[in-house]
Each structure stands twice: as C-alpha cells, then as structure tokens.
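Undergrad: Dropping a structure here in structure tokens format, bear with me for questions.
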Amino acid sequence: MHSFGTRRLGAASAVALALLVAALAGCQGGGTTSAPSSSEQSTPAGSRAHVLAVKIDNVGPARPQTGLDKADIIYVEQVEAGLSRMLAAYSSRLPGVVGPVRSARETDLELLRQFDRPTLAFSGAQSKLLPAIAAAPLDPLTPETDPDAYFRGSDRAAPHNLYLRPARASHTTTGVNAAEDIGLRFAAAVPGGKPVAGRTVRYPATRFSFTWSAERSRWLVSMDGTPARTADGARLGAADVVVQYVTVRPSLYQDRWGSKSPFTETVGSGSAVVLRNGKGYDVEWSRPAADAVTSFTTRDGERMTFAPGQVWIVFASK
C-alpha cells in the first residue's frame with residue numbers, strides 16, 4: 001500500500017505526443033463488433049495498485065453499461081447540461097469489456113492524482129484541455145493511442161457504443177484494491193450511524209438512488225428511477241456509498257455547443273455521508289493537496305471504516 005502523502009509525478013513529455021490526436025477520438029473507435037460481455041480478465045497479485053480508470057457514459061442510450069460491477073471504486077460527477085458521468089477505477093480485477101467510454105474532463109485530472117500514475121481510458125477531450133492532460137501524471141489510453149484495445153458495439157448508436165477491452169491495452173495491473181491503495185480501510189463498522197433505508201443524490205438533469213438490501217447486503221443502485229443493471233442483466237449494488245459534498249463550479253472549458261464544463265473541487269474539506277450495512281454515518285472529508293489522498297473521519301475524529309466490496313463515491317454540490 002502506498003503512503004498517504006505525496007505521489008510522484010510522471011514526466012509530461014512521455015504522453016504529450018500521444019495526446020495530440022486524442023481530441024479527434026471522441027467519436028472514433030475500432031470496427032463494429034457484437035454486443036459486449038463482462039467476462040473477467042485475471043490479474044496477477046502485487047504489492048501496489050496500478051489503476052485503470054475508465055470514463056463511462058451515463059445518459060439513457062448508454063445504459064446498461066458494461067463492466068461497472070468489476071470496478072473497485074466508481075466515482076460519479078456532474079458534467080454539462082446537469083448530466084453525469086462515471087469514472088470507474090479498476091485494479092483488483094479487470095473486466096473483459098468496459099464501456100461505453102466517453103471523453104475526459106478537467107475534474108478527472110485532479111481526482112486521479114490520488115493514484116500513482118494511473119492509466120486513464122477515455123474517448124477524447126476538448127483541444128484546449130489536451131495540454132493539461134499531457135502535463136498530468138497519468139498514462140492516456142484512447143482509440144488513437146491504442147486502437148486495438150477499442151471497438152464499436154453494434155447494439156447501439158454512436159457515440160454511446162465505444163468499448164474498451166483491457167486485455168488488449170498496454171495497461172498492466174497488480175491486483176491490489178484501488179480503494180485500499182488510497183487509504184480506505186475495510187474493517188468492522190465504527191460505533192454510531194443511524195439506520196437508513198436509502199439515499200438519493202440529485203443533479204440538475206439526473207439522479208442516483210441507493211436502497212439498502214439486507215438480503216444482498218448491498219446498496220442497490222437506481223439511475224433516474226430505474227434499477228441499474230449490467231449488460232448481463234445483473235443488478236448493480238455497492239457495499240459502500242459515499243455522498244461527498246463538494247464545490248461544483250464552472251471550469252475554463254466548454255463543449256462544442258458552448259456549455260461550460262463543471263469542475264468538481266476534490267481538494268479541500270467538507271462533510272460527507274457514508275452508507276454501509278444499512279446505516280448512514282455523518283463524516284468529514286479532507287484532502288489537503290492534489291497530490292494527497294482523501295481521508296474520511298467521524299465527527300469524533302475516528303477514521304471511518306468501510307464494508308468489503310465496491311465503493312461508490314458520489315460528488316454532490318454543497
């Protein structure tokens with residue numbers, strides 16, 4: 001496991017050339033193929049995480065997504081027009097296929113600095129954002145940099161049909177859980193917490209609901225009032241849900257229609273609610289710098305613990 005302090009930075013020059021063509025990759029990909037399955041790729045054991053982060057589409061035509069159930073962490077963030085996208089972090093295991101893959105945002109760059117030079121899979125980016133991506137301590141994985149790793153599915157229309165096959169990518173992983181790597185501790189519950197049946201987080205144009213299932217020992221996920229499922233039909237469920245209250249402000253970038261991209265501030269401090277084992281815990285979060293990880297502590301100053309399994313971190317506006 002890494003220490004919880006400063007992370008090393010990678011040289012920007014190693015990725016700058018590959019990113020020059022990434023702006024055109026938002027709607028580009030490999031050839032058409034049949035609908036994807038979510039079979040796993042086995043990964044070797046290791047001592048430190050090498051995270052594959054994939055930017056996932058989340059509008060109606062992109063659902064159901066493929067491979068979300070294999071992620072260690074799923075981050076949910078607001079994008080243009082009040083919609084949302086997800087950033088799925090994989091390390092303990094890799095899915096056979098993941099997607100639909102969409103474009104990167106400025107928020108992703110700051111968020112991913114918690115990890116040690118992760119690989120970021122994305123379909124492209126605004127041209128003005130490319131220099132920032134090139135300077136970030138990460139390895140880009142786009143249809144232009146690694147075309148053999150991507151394909152277009154035949155079951156839906158572009159741009160909601162671009163998928164990644166991690167086994168064909170240049171990324172390698174160590175099998176270490178990404179959540180533990182950034183300091184989340186899986187252990188018995190801390191004292192306190194209040195029984196809660198569920199929680200809903202609303203964005204201007206979408207919403208996420210998490211409902212506790214004692215039978216499955218999971219928070220069942222719904223999106224816009226509809227149960228969320230994998231491409232194989234399984235219900236999505238989280239062991240833990242963190243609703244992290246943050247500042248969401250306009251970024252320096254905008255989409256092709258002139259809409260400003262929101263920027264979610266993940267450096268700083270604030271309040272959060274952690275859902276685990278049918279209870280809600282009021283906690284505080286703190287991330288003092290971009291090269292530091294986020295800590296979660298109870299109001300008594302005790303380090304928050306998490307139930308083993310997938311963690312969803314949903315960024316909600318203060």
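In the structure tokens, the first chain shown is A, the next is B, and so on; residue numbers restart at 1 for each chain, and ligands run from 1 in the order shown.
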For Ile74 in chain A, list every protein, DNA or RNA residue within 8 Å, evaluated using only C-alpha atoms, and leave out those in the same chain fewer than 6 positions away; present the list as a list in words.

TA: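 Close residues of Ile74 in chain A: Leu68, Met86, Leu87, Ala88, Ala89, Gln310, Val311, Trp312 and Ile313 of chain A.
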
Undergrad: With N, CA, C and O atoms retained, export the selected residues as a PDB file, in the first residue's frame.

TA:
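Listed below is the output, result01.pdb:
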ATOM      1  N   LEU A  68     -19.110  -2.298 -15.082  1.00  0.00           N
ATOM      2  CA  LEU A  68     -19.115  -1.482 -13.869  1.00  0.00           C
ATOM      3  C   LEU A  68     -19.020  -2.331 -12.605  1.00  0.00           C
ATOM      4  O   LEU A  68     -18.444  -1.907 -11.604  1.00  0.00           O
ATOM      5  N   MET A  86     -19.450   8.723 -15.086  1.00  0.00           N
ATOM      6  CA  MET A  86     -18.773   7.970 -14.048  1.00  0.00           C
ATOM      7  C   MET A  86     -17.317   7.745 -14.415  1.00  0.00           C
ATOM      8  O   MET A  86     -16.968   7.655 -15.600  1.00  0.00           O
ATOM      9  N   LEU A  87     -16.480   7.682 -13.413  1.00  0.00           N
ATOM     10  CA  LEU A  87     -15.082   7.318 -13.585  1.00  0.00           C
ATOM     11  C   LEU A  87     -14.868   6.055 -12.769  1.00  0.00           C
ATOM     12  O   LEU A  87     -14.903   6.095 -11.539  1.00  0.00           O
ATOM     13  N   ALA A  88     -14.710   4.941 -13.461  1.00  0.00           N
ATOM     14  CA  ALA A  88     -14.580   3.641 -12.795  1.00  0.00           C
ATOM     15  C   ALA A  88     -13.106   3.288 -12.642  1.00  0.00           C
ATOM     16  O   ALA A  88     -12.363   3.307 -13.632  1.00  0.00           O
ATOM     17  N   ALA A  89     -12.689   2.991 -11.422  1.00  0.00           N
ATOM     18  CA  ALA A  89     -11.289   2.676 -11.121  1.00  0.00           C
ATOM     19  C   ALA A  89     -11.147   1.173 -10.898  1.00  0.00           C
ATOM     20  O   ALA A  89     -11.772   0.603 -10.001  1.00  0.00           O
ATOM     21  N   GLN A 310     -17.392  -3.159  -3.397  1.00  0.00           N
ATOM     22  CA  GLN A 310     -17.303  -1.988  -4.267  1.00  0.00           C
ATOM     23  C   GLN A 310     -17.748  -0.718  -3.543  1.00  0.00           C
ATOM     24  O   GLN A 310     -18.736  -0.707  -2.816  1.00  0.00           O
ATOM     25  N   VAL A 311     -17.011   0.360  -3.775  1.00  0.00           N
ATOM     26  CA  VAL A 311     -17.300   1.656  -3.169  1.00  0.00           C
ATOM     27  C   VAL A 311     -17.740   2.633  -4.259  1.00  0.00           C
ATOM     28  O   VAL A 311     -17.053   2.795  -5.269  1.00  0.00           O
ATOM     29  N   TRP A 312     -18.880   3.278  -4.030  1.00  0.00           N
ATOM     30  CA  TRP A 312     -19.334   4.366  -4.900  1.00  0.00           C
ATOM     31  C   TRP A 312     -19.094   5.677  -4.176  1.00  0.00           C
ATOM     32  O   TRP A 312     -19.478   5.829  -3.008  1.00  0.00           O
ATOM     33  N   ILE A 313     -18.443   6.626  -4.857  1.00  0.00           N
ATOM     34  CA  ILE A 313     -18.240   7.955  -4.298  1.00  0.00           C
ATOM     35  C   ILE A 313     -18.958   8.930  -5.215  1.00  0.00           C
ATOM     36  O   ILE A 313     -18.581   9.123  -6.370  1.00  0.00           O
TER      37      ILE A 313
END

Undergrad: Range 138-266 of chain A: which residues are helix (DSSP H, G or I) by DSSP, as a list in words?

TA: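 Of range 138-266 of chain A, only Pro147, Asp148, Ala149, Pro166, Ala167, Arg168, Ala178, Ala179, Glu180 and Asp181 of chain A fall in helix (DSSP H, G or I).
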
Undergrad: Could you please write out, as an mmCIF file with N, CA, C and O atoms, in the first residue's frame, every residue of range 181-254 of chain A that DSSP assigns to strand (DSSP E)?

TA:
data_model
loop_
_atom_site.group_PDB
_atom_site.id
_atom_site.type_symbol
_atom_site.label_atom_id
_atom_site.label_comp_id
_atom_site.auth_asym_id
_atom_site.auth_seq_id
_atom_site.Cartn_x
_atom_site.Cartn_y
_atom_site.Cartn_z
ATOM 1 N N ARG A 185 -10.098 1.933 4.487
ATOM 2 C CA ARG A 185 -9.825 0.737 5.294
ATOM 3 C C ARG A 185 -11.086 -0.105 5.415
ATOM 4 O O ARG A 185 -12.121 0.358 5.904
ATOM 5 N N PHE A 186 -11.001 -1.364 4.966
ATOM 6 C CA PHE A 186 -12.106 -2.305 5.105
ATOM 7 C C PHE A 186 -11.974 -3.010 6.459
ATOM 8 O O PHE A 186 -11.022 -3.764 6.684
ATOM 9 N N LYS A 194 -26.806 5.799 11.868
ATOM 10 C CA LYS A 194 -28.250 5.725 12.030
ATOM 11 C C LYS A 194 -28.837 4.841 10.941
ATOM 12 O O LYS A 194 -28.442 4.943 9.773
ATOM 13 N N PRO A 195 -29.782 3.968 11.316
ATOM 14 C CA PRO A 195 -30.415 3.136 10.281
ATOM 15 C C PRO A 195 -31.028 4.005 9.185
ATOM 16 O O PRO A 195 -31.663 5.024 9.460
ATOM 17 N N GLY A 198 -32.340 4.289 2.496
ATOM 18 C CA GLY A 198 -31.759 4.641 1.216
ATOM 19 C C GLY A 198 -31.395 6.114 1.157
ATOM 20 O O GLY A 198 -31.613 6.876 2.112
ATOM 21 N N ARG A 199 -30.839 6.492 0.025
ATOM 22 C CA ARG A 199 -30.395 7.872 -0.162
ATOM 23 C C ARG A 199 -30.454 8.195 -1.649
ATOM 24 O O ARG A 199 -30.104 7.361 -2.490
ATOM 25 N N THR A 200 -30.889 9.409 -1.975
ATOM 26 C CA THR A 200 -30.948 9.858 -3.363
ATOM 27 C C THR A 200 -30.089 11.102 -3.522
ATOM 28 O O THR A 200 -30.145 12.013 -2.686
ATOM 29 N N VAL A 201 -29.291 11.126 -4.568
ATOM 30 C CA VAL A 201 -28.477 12.292 -4.924
ATOM 31 C C VAL A 201 -28.994 12.815 -6.252
ATOM 32 O O VAL A 201 -29.074 12.072 -7.235
ATOM 33 N N ARG A 202 -29.333 14.096 -6.277
ATOM 34 C CA ARG A 202 -29.912 14.701 -7.477
ATOM 35 C C ARG A 202 -28.938 15.679 -8.116
ATOM 36 O O ARG A 202 -28.347 16.515 -7.437
ATOM 37 N N TYR A 203 -28.788 15.553 -9.434
ATOM 38 C CA TYR A 203 -28.140 16.551 -10.260
ATOM 39 C C TYR A 203 -29.243 17.273 -11.028
ATOM 40 O O TYR A 203 -30.397 16.830 -11.037
ATOM 41 N N THR A 206 -30.370 14.576 -13.712
ATOM 42 C CA THR A 206 -30.320 13.129 -13.455
ATOM 43 C C THR A 206 -30.286 12.885 -11.955
ATOM 44 O O THR A 206 -30.049 13.805 -11.168
ATOM 45 N N ARG A 207 -30.532 11.644 -11.543
ATOM 46 C CA ARG A 207 -30.466 11.333 -10.116
ATOM 47 C C ARG A 207 -30.027 9.892 -9.912
ATOM 48 O O ARG A 207 -30.243 9.031 -10.766
ATOM 49 N N PHE A 208 -29.396 9.668 -8.762
ATOM 50 C CA PHE A 208 -28.956 8.340 -8.340
ATOM 51 C C PHE A 208 -29.625 8.009 -7.015
ATOM 52 O O PHE A 208 -29.653 8.852 -6.108
ATOM 53 N N SER A 209 -30.126 6.802 -6.891
ATOM 54 C CA SER A 209 -30.709 6.338 -5.635
ATOM 55 C C SER A 209 -30.023 5.057 -5.205
ATOM 56 O O SER A 209 -29.686 4.204 -6.039
ATOM 57 N N PHE A 210 -29.825 4.931 -3.896
ATOM 58 C CA PHE A 210 -29.180 3.759 -3.307
ATOM 59 C C PHE A 210 -30.097 3.236 -2.219
ATOM 60 O O PHE A 210 -30.385 3.934 -1.239
ATOM 61 N N THR A 211 -30.579 2.006 -2.378
ATOM 62 C CA THR A 211 -31.540 1.405 -1.456
ATOM 63 C C THR A 211 -30.920 0.188 -0.798
ATOM 64 O O THR A 211 -30.412 -0.712 -1.492
ATOM 65 N N TRP A 212 -30.976 0.140 0.527
ATOM 66 C CA TRP A 212 -30.350 -0.962 1.247
ATOM 67 C C TRP A 212 -31.139 -2.258 1.066
ATOM 68 O O TRP A 212 -32.364 -2.307 1.228
ATOM 69 N N SER A 213 -30.424 -3.323 0.722
ATOM 70 C CA SER A 213 -30.990 -4.670 0.641
ATOM 71 C C SER A 213 -30.289 -5.539 1.666
ATOM 72 O O SER A 213 -29.120 -5.906 1.478
ATOM 73 N N ARG A 218 -26.177 -5.201 0.209
ATOM 74 C CA ARG A 218 -25.706 -4.219 -0.752
ATOM 75 C C ARG A 218 -26.693 -3.058 -0.839
ATOM 76 O O ARG A 218 -27.880 -3.209 -0.548
ATOM 77 N N TRP A 219 -26.158 -1.915 -1.270
ATOM 78 C CA TRP A 219 -26.992 -0.768 -1.613
ATOM 79 C C TRP A 219 -27.299 -0.890 -3.104
ATOM 80 O O TRP A 219 -26.413 -0.744 -3.943
ATOM 81 N N LEU A 220 -28.543 -1.208 -3.428
ATOM 82 C CA LEU A 220 -28.927 -1.396 -4.819
ATOM 83 C C LEU A 220 -29.033 -0.039 -5.504
ATOM 84 O O LEU A 220 -29.618 0.903 -4.976
ATOM 85 N N VAL A 221 -28.480 0.051 -6.699
ATOM 86 C CA VAL A 221 -28.349 1.320 -7.402
ATOM 87 C C VAL A 221 -29.494 1.486 -8.399
ATOM 88 O O VAL A 221 -29.836 0.553 -9.140
ATOM 89 N N SER A 222 -30.064 2.690 -8.405
ATOM 90 C CA SER A 222 -31.028 3.071 -9.430
ATOM 91 C C SER A 222 -30.576 4.382 -10.058
ATOM 92 O O SER A 222 -29.992 5.230 -9.380
ATOM 93 N N MET A 223 -30.843 4.537 -11.341
ATOM 94 C CA MET A 223 -30.498 5.763 -12.058
ATOM 95 C C MET A 223 -31.762 6.312 -12.704
ATOM 96 O O MET A 223 -32.428 5.594 -13.455
ATOM 97 N N THR A 226 -34.841 4.108 -12.357
ATOM 98 C CA THR A 226 -34.831 2.764 -12.938
ATOM 99 C C THR A 226 -33.701 1.945 -12.342
ATOM 100 O O THR A 226 -32.578 2.436 -12.243
ATOM 101 N N PRO A 227 -33.970 0.692 -11.907
ATOM 102 C CA PRO A 227 -32.889 -0.139 -11.367
ATOM 103 C C PRO A 227 -31.728 -0.246 -12.349
ATOM 104 O O PRO A 227 -31.915 -0.521 -13.533
ATOM 105 N N GLY A 237 -24.941 -3.138 -7.378
ATOM 106 C CA GLY A 237 -25.044 -2.889 -5.947
ATOM 107 C C GLY A 237 -23.695 -2.542 -5.359
ATOM 108 O O GLY A 237 -22.661 -3.046 -5.809
ATOM 109 N N ALA A 238 -23.695 -1.659 -4.381
ATOM 110 C CA ALA A 238 -22.462 -1.202 -3.744
ATOM 111 C C ALA A 238 -22.405 -1.667 -2.299
ATOM 112 O O ALA A 238 -23.417 -1.678 -1.597
ATOM 113 N N ASP A 240 -20.503 0.013 -0.185
ATOM 114 C CA ASP A 240 -20.432 1.308 0.488
ATOM 115 C C ASP A 240 -20.775 2.407 -0.506
ATOM 116 O O ASP A 240 -20.424 2.329 -1.686
ATOM 117 N N VAL A 241 -21.436 3.431 -0.010
ATOM 118 C CA VAL A 241 -21.719 4.619 -0.810
ATOM 119 C C VAL A 241 -21.261 5.834 -0.014
ATOM 120 O O VAL A 241 -21.614 5.989 1.156
ATOM 121 N N VAL A 242 -20.451 6.669 -0.635
ATOM 122 C CA VAL A 242 -20.016 7.922 -0.012
ATOM 123 C C VAL A 242 -20.653 9.066 -0.788
ATOM 124 O O VAL A 242 -20.405 9.210 -1.989
ATOM 125 N N VAL A 243 -21.497 9.836 -0.113
ATOM 126 C CA VAL A 243 -22.031 11.057 -0.703
ATOM 127 C C VAL A 243 -21.150 12.191 -0.192
ATOM 128 O O VAL A 243 -21.219 12.569 0.973
ATOM 129 N N GLN A 244 -20.284 12.688 -1.061
ATOM 130 C CA GLN A 244 -19.270 13.671 -0.675
ATOM 131 C C GLN A 244 -19.699 15.049 -1.168
ATOM 132 O O GLN A 244 -19.826 15.281 -2.373
ATOM 133 N N TYR A 245 -19.910 15.964 -0.228
ATOM 134 C CA TYR A 245 -20.384 17.299 -0.577
ATOM 135 C C TYR A 245 -19.199 18.188 -0.927
ATOM 136 O O TYR A 245 -18.269 18.366 -0.133
ATOM 137 N N VAL A 246 -19.244 18.734 -2.136
ATOM 138 C CA VAL A 246 -18.112 19.460 -2.706
ATOM 139 C C VAL A 246 -18.609 20.736 -3.379
ATOM 140 O O VAL A 246 -19.809 20.936 -3.586
ATOM 141 N N THR A 247 -17.662 21.579 -3.745
ATOM 142 C CA THR A 247 -17.968 22.756 -4.561
ATOM 143 C C THR A 247 -17.912 22.366 -6.028
ATOM 144 O O THR A 247 -16.923 21.790 -6.489
ATOM 145 N N VAL A 248 -18.969 22.660 -6.760
ATOM 146 C CA VAL A 248 -19.014 22.438 -8.201
ATOM 147 C C VAL A 248 -19.143 23.807 -8.860
ATOM 148 O O VAL A 248 -20.105 24.532 -8.631
ATOM 149 N N ARG A 249 -18.171 24.160 -9.662
ATOM 150 C CA ARG A 249 -18.128 25.487 -10.281
ATOM 151 C C ARG A 249 -17.816 25.344 -11.771
ATOM 152 O O ARG A 249 -17.351 24.294 -12.219
ATOM 153 N N PRO A 250 -18.026 26.385 -12.565
ATOM 154 C CA PRO A 250 -17.669 26.302 -13.977
ATOM 155 C C PRO A 250 -16.158 26.168 -14.151
ATOM 156 O O PRO A 250 -15.382 26.806 -13.435
ATOM 157 N N SER A 251 -15.740 25.351 -15.094
ATOM 158 C CA SER A 251 -14.325 25.212 -15.405
ATOM 159 C C SER A 251 -13.938 26.227 -16.467
ATOM 160 O O SER A 251 -14.744 27.072 -16.877
ATOM 161 N N LEU A 252 -12.724 26.135 -16.943
ATOM 162 C CA LEU A 252 -12.252 27.019 -18.002
ATOM 163 C C LEU A 252 -12.633 26.505 -19.386
ATOM 164 O O LEU A 252 -12.351 27.154 -20.394
ATOM 165 N N TYR A 253 -13.293 25.345 -19.436
ATOM 166 C CA TYR A 253 -13.536 24.682 -20.711
ATOM 167 C C TYR A 253 -15.027 24.586 -20.985
ATOM 168 O O TYR A 253 -15.858 24.586 -20.070
ATOM 169 N N GLN A 254 -15.383 24.460 -22.260
ATOM 170 C CA GLN A 254 -16.774 24.319 -22.646
ATOM 171 C C GLN A 254 -16.895 23.320 -23.781
ATOM 172 O O GLN A 254 -15.919 23.032 -24.475
#

Undergrad: Between A:Phe315, A:Phe122, A:Phe115, A:Phe263, single out the one closest to Ala178 in chain A, counting only C-alpha atoms.

TA: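 For Ala178 in chain A, the nearest of the given residues is A:Phe115.
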
Undergrad: Ala307 in chain A: which residues within 8 Å, counting only C-alpha atoms, same-chain residues fewer than 3 positions away excluded, as a compact mmCIF listing (two decimals) with N, CA, C and O atoms, in the first residue's frame?

TA:
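Listing of selection_25.txt after writing:
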# COMPACT_ATOMS: atom_id res chain seq x y z
N PHE A 186 -11.00 -1.36 4.97
CA PHE A 186 -12.11 -2.31 5.11
C PHE A 186 -11.97 -3.01 6.46
O PHE A 186 -11.02 -3.76 6.68
N ALA A 187 -12.93 -2.76 7.34
CA ALA A 187 -12.87 -3.30 8.70
C ALA A 187 -14.26 -3.22 9.32
O ALA A 187 -15.21 -2.72 8.70
N ALA A 188 -14.36 -3.71 10.55
CA ALA A 188 -15.63 -3.66 11.28
C ALA A 188 -16.11 -2.22 11.38
O ALA A 188 -15.32 -1.27 11.40
N ALA A 189 -17.42 -2.05 11.43
CA ALA A 189 -18.00 -0.72 11.46
C ALA A 189 -17.61 0.04 12.72
O ALA A 189 -17.47 -0.55 13.80
N ALA A 239 -21.20 -2.03 -1.85
CA ALA A 239 -21.02 -2.33 -0.43
C ALA A 239 -21.05 -1.05 0.38
O ALA A 239 -21.56 -1.02 1.51
N ASP A 240 -20.50 0.01 -0.19
CA ASP A 240 -20.43 1.31 0.49
C ASP A 240 -20.77 2.41 -0.51
O ASP A 240 -20.42 2.33 -1.69
N ARG A 276 -23.15 2.27 4.90
CA ARG A 276 -22.63 0.91 4.97
C ARG A 276 -23.53 0.09 5.89
O ARG A 276 -24.01 0.58 6.91
N ASN A 277 -23.78 -1.15 5.51
CA ASN A 277 -24.53 -2.09 6.35
C ASN A 277 -25.85 -1.54 6.85
O ASN A 277 -26.22 -1.73 8.01

Undergrad: Pick the closest to Gly309 in chain A from A:Lys128, A:Lys70, A:Arg235, A:Arg287: which is it, counting only C-alpha atoms?

TA: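 Of A:Lys128, A:Lys70, A:Arg235, A:Arg287, the one nearest Gly309 in chain A is A:Lys70, counting only C-alpha atoms.
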
Undergrad: Hey, what's within 10 Å of Thr172 in chain A if we count only C-alpha atoms and toss same-chain stuff fewer than 6 positions away? As a list in words, please?

TA: Thr43, Pro44, Ala49, His50, Val51, Leu52, Ser91, Leu94, Thr119 and Pro166 of chain A

Undergrad: Have a look at CA of Arg216 in chain A and CA of Ala228 in chain A and let me know their distance in Å, one decimal.

TA: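 So the answer is 15.1 Å.
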
Undergrad: Neighbouring residues of Ala289 in chain A were defined as those with any atom within 9 Å, considering only C-alpha atoms; residues of the same chain fewer than 3 positions away were excluded. Please report them as a PDB file with all heavy atoms, in the first residue's frame.

TA:
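Written output follows (out.pdb):
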ATOM      1  N   THR A   6       2.512  12.477  -0.426  1.00  0.00           N
ATOM      2  CA  THR A   6       2.763  12.943  -1.779  1.00  0.00           C
ATOM      3  C   THR A   6       2.979  11.780  -2.726  1.00  0.00           C
ATOM      4  O   THR A   6       3.629  10.813  -2.424  1.00  0.00           O
ATOM      5  CB  THR A   6       4.009  13.852  -1.785  1.00  0.00           C
ATOM      6  OG1 THR A   6       3.766  14.937  -0.892  1.00  0.00           O
ATOM      7  CG2 THR A   6       4.294  14.374  -3.172  1.00  0.00           C
ATOM      8  N   VAL A 267     -10.171  18.744  -3.878  1.00  0.00           N
ATOM      9  CA  VAL A 267      -9.157  19.148  -2.904  1.00  0.00           C
ATOM     10  C   VAL A 267      -9.805  20.146  -1.959  1.00  0.00           C
ATOM     11  O   VAL A 267     -10.466  21.088  -2.395  1.00  0.00           O
ATOM     12  CB  VAL A 267      -7.934  19.789  -3.589  1.00  0.00           C
ATOM     13  CG1 VAL A 267      -6.978  20.367  -2.555  1.00  0.00           C
ATOM     14  CG2 VAL A 267      -7.214  18.761  -4.453  1.00  0.00           C
ATOM     15  N   GLY A 268      -9.616  19.931  -0.670  1.00  0.00           N
ATOM     16  CA  GLY A 268     -10.240  20.793   0.329  1.00  0.00           C
ATOM     17  C   GLY A 268     -10.776  19.965   1.472  1.00  0.00           C
ATOM     18  O   GLY A 268     -10.170  18.953   1.855  1.00  0.00           O
ATOM     19  N   ALA A 292      -2.313  14.517  -2.505  1.00  0.00           N
ATOM     20  CA  ALA A 292      -2.661  13.777  -1.283  1.00  0.00           C
ATOM     21  C   ALA A 292      -3.946  13.000  -1.529  1.00  0.00           C
ATOM     22  O   ALA A 292      -4.709  13.295  -2.449  1.00  0.00           O
ATOM     23  CB  ALA A 292      -2.835  14.738  -0.106  1.00  0.00           C
ATOM     24  N   VAL A 293      -4.200  11.998  -0.697  1.00  0.00           N
ATOM     25  CA  VAL A 293      -5.423  11.215  -0.809  1.00  0.00           C
ATOM     26  C   VAL A 293      -6.497  11.820   0.085  1.00  0.00           C
ATOM     27  O   VAL A 293      -6.226  12.680   0.922  1.00  0.00           O
ATOM     28  CB  VAL A 293      -5.183   9.739  -0.438  1.00  0.00           C
ATOM     29  CG1 VAL A 293      -4.185   9.104  -1.379  1.00  0.00           C
ATOM     30  CG2 VAL A 293      -4.733   9.604   1.019  1.00  0.00           C
TER      31      VAL A 293
END

Undergrad: Pick out the residues sitting within 8 Å of Ala62 in chain A, and hand them over as a list of chain:residue names; count only C-alpha atoms, and ignore anything fewer than 5 positions along from it in its own chain.

TA: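 Everything that qualifies: A:Asp57, A:Pro100, A:Arg156, A:His160, A:Asn161.
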
Undergrad: Fewer than 4 positions away in the same chain doesn't count, so skip those; otherwise give me all residues within 8 Å of Ala290 in chain A, counting only C-alpha atoms, as a list in words.

TA: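 Residues meeting the cut-off are Glu110, Leu111, Arg113, Gln114 and Val267 of chain A.
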